[in-house]
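S.K.: Below is the structure I would like to discuss, written out as structure tokens.
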Amino acid sequence: MKLFDPPPPTQWNVLNLGAGVQSSCLALMAAKGEITPMPNFAVFADTQAEPQSVYDWLDWLEGQLPFPVYRVTKGNLEVDSLTPAKATSKAIHYDEGEEYMRRLIPLFGIMPNGSKTAAIGRSCTADYKIRQIEKEIIERCGITRGQKEITVTQFIGISWDEIQRMKDARLKWTQIRWPLIEKRMTRRQCLEWMKNNGYPEPPRSACVWCPFHSDTEWRRLRDEEPNEFKRAIDFDEKIRILGRKDRALKMDVFLHNSCKPLSEIDFDSDEQKGQQVWDFQAECEGMCGV
């Protein structure tokens, strides 16, 4: 098999649907028969923290597809991120019962000496997306405990310009397929395909306050979805207040890598433009933003 050729066929084909540009294009291409075989179903892992535009888009998209879309969720990532956890007797840095900030999302920080840190640890993509999709697949595809035979192919909408995000399957019963990589399609070409086929342009799929936003995305959110931008500002302020109560954290945390509150950043200034360019191409799990 040549690099990027489709893997061997399996009994089940499942689309991991992020409801962004790439996975929406992939879903519609499959619906039109341009990608085969047709997925048996798609799974959308809902963090309950996406902008309303994504949920509206998903409602529309489901009506265009000949295969079902199942929505799954671990819970509300926004609420969970702002709800402190309590240390158990096994905690290293805390007393038993002491509250601390959960390390669910990537954040930037300023240490007491004024130095800035890279993003702290996170588990949001793995816990709120990947594992929820896997649980749904296990149930619907009849995966047995300890199964080693590959019976499922997961379609993931990573595009050619984000090829570095490709990642092998971590479970023995599944394999990963990247149909857009096979076709050498970039995100821009996905948008062109949708336009040429008479489909509207999808919204950007991401949590409203995701630190993977580039400055371009923050500006777009501010200008096109002001209520969601206000929600991100509110979250940014609340997560910092929560972090200051965490005895072992020892830093102020921020959504933006400038380590400034979102409410104080002038995203239109020449100095600011292009400062945060991290974006989803650095998201190693390959599941967000597609």
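Each chain in the structure tokens gets a letter, A, B, ..., in the order shown, and its residues are numbered from 1; ligands are numbered from 1 in order too.
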Go through segment 97-186 of chain A and flag each residue having an atom no more than 9 Å from segment 242-246 of chain A; for those, report the closest pair of atoms plus their distance in Å to one decimal, using only C-alpha atoms, ordered by chain and rising number, as a tab-separated table.
M.R.:
```
residue	atom	partner	partner_atom	distance
A:Glu98	CA	A:Asp246	CA	9.0
A:Glu99	CA	A:Asp246	CA	7.1
A:Tyr100	CA	A:Asp246	CA	4.8
A:Met101	CA	A:Gly243	CA	6.0
```
S.K.: Please save N, CA, C and O atoms of the selected residues as a short mmCIF file (atom, residue, chain, number, x, y, z; two decimals), in the first residue's frame.
M.R.:
```cif
data_model
loop_
_atom_site.label_atom_id
_atom_site.label_comp_id
_atom_site.auth_asym_id
_atom_site.auth_seq_id
_atom_site.Cartn_x
_atom_site.Cartn_y
_atom_site.Cartn_z
N GLU A 98 -8.84 19.86 49.80
CA GLU A 98 -8.51 21.19 49.29
C GLU A 98 -8.96 21.31 47.83
O GLU A 98 -8.81 20.39 47.04
N GLU A 99 -9.50 22.47 47.46
CA GLU A 99 -9.97 22.68 46.09
C GLU A 99 -8.83 23.16 45.19
O GLU A 99 -7.93 23.88 45.64
N TYR A 100 -8.88 22.74 43.94
CA TYR A 100 -7.87 23.16 42.96
C TYR A 100 -8.50 23.22 41.58
O TYR A 100 -9.57 22.66 41.33
N MET A 101 -7.81 23.92 40.67
CA MET A 101 -8.31 24.07 39.31
C MET A 101 -7.99 22.83 38.48
O MET A 101 -6.84 22.39 38.43
#
```
S.K.: Per residue of segment 205-248 of chain A within 12 Å of segment 122-145 of chain A, record the nearest atom pair and its distance in Å to one decimal, counting only C-alpha atoms, with rows in chain order and ascending residue number, as a tab-separated table.
M.R.:
```
residue	atom	partner	partner_atom	distance
A:Ala206	CA	A:Thr125	CA	10.8
A:Cys207	CA	A:Cys124	CA	10.4
A:Cys210	CA	A:Cys124	CA	10.3
A:Pro211	CA	A:Arg122	CA	11.2
A:Phe212	CA	A:Thr125	CA	11.9
```
S.K.: Please, could you write that set of residues out with N, CA, C and O atoms as a PDB file, in the first residue's frame?
M.R.:
```
ATOM      1  N   ALA A 206     -15.012  25.016  17.082  1.00  0.00           N
ATOM      2  CA  ALA A 206     -14.081  25.111  18.216  1.00  0.00           C
ATOM      3  C   ALA A 206     -14.846  25.626  19.414  1.00  0.00           C
ATOM      4  O   ALA A 206     -15.868  26.302  19.271  1.00  0.00           O
ATOM      5  N   CYS A 207     -14.358  25.311  20.585  1.00  0.00           N
ATOM      6  CA  CYS A 207     -14.944  25.915  21.775  1.00  0.00           C
ATOM      7  C   CYS A 207     -14.814  27.434  21.676  1.00  0.00           C
ATOM      8  O   CYS A 207     -13.819  27.948  21.145  1.00  0.00           O
ATOM      9  N   CYS A 210     -11.515  28.748  23.091  1.00  0.00           N
ATOM     10  CA  CYS A 210     -10.360  27.865  22.931  1.00  0.00           C
ATOM     11  C   CYS A 210      -9.055  28.648  22.771  1.00  0.00           C
ATOM     12  O   CYS A 210      -8.953  29.532  21.910  1.00  0.00           O
ATOM     13  N   PRO A 211      -8.025  28.335  23.564  1.00  0.00           N
ATOM     14  CA  PRO A 211      -6.738  29.018  23.425  1.00  0.00           C
ATOM     15  C   PRO A 211      -6.013  28.713  22.116  1.00  0.00           C
ATOM     16  O   PRO A 211      -5.011  29.350  21.818  1.00  0.00           O
ATOM     17  N   PHE A 212      -6.501  27.748  21.328  1.00  0.00           N
ATOM     18  CA  PHE A 212      -5.915  27.485  20.025  1.00  0.00           C
ATOM     19  C   PHE A 212      -6.349  28.518  18.988  1.00  0.00           C
ATOM     20  O   PHE A 212      -5.860  28.470  17.855  1.00  0.00           O
TER      21      PHE A 212
END
```
S.K.: Which polymer residues have any atom within 12 Å of an atom of Gly109 of chain A, counting only C-alpha atoms, with same-chain residues fewer than 5 positions away left out, as a VMD selection string?
M.R.: chain A and resid 114 to 121 211 239 to 240 243 to 244 249 to 261
S.K.: Need the shell around Leu65 of chain A: protein/DNA/RNA residues with any atom at most 9 Å away, counting only C-alpha atoms. Skip same-chain ones fewer than 3 positions apart. Format as a VMD selection string?
M.R.: chain A and resid 27 to 28 30 to 32 61 to 62 68 to 69
S.K.: Show which residues sit within 10 Å of segment 177-191 of chain A, as a ChimeraX atom specification. Count only C-alpha atoms, and ignore same-chain residues fewer than 4 positions away.
M.R.: /A:3-8,13-15,21-26,29-30,35-36,153-163,166-169,195-197,199-202,290
S.K.: Which is closer to Arg219 of chain A than all the others in A:Glu149, A:Asp236, A:Ile241, A:Ser269, using only C-alpha atoms?
M.R.: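 Looking only at the distances to Arg219 of chain A, the closest residue turns out to be A:Ser269.
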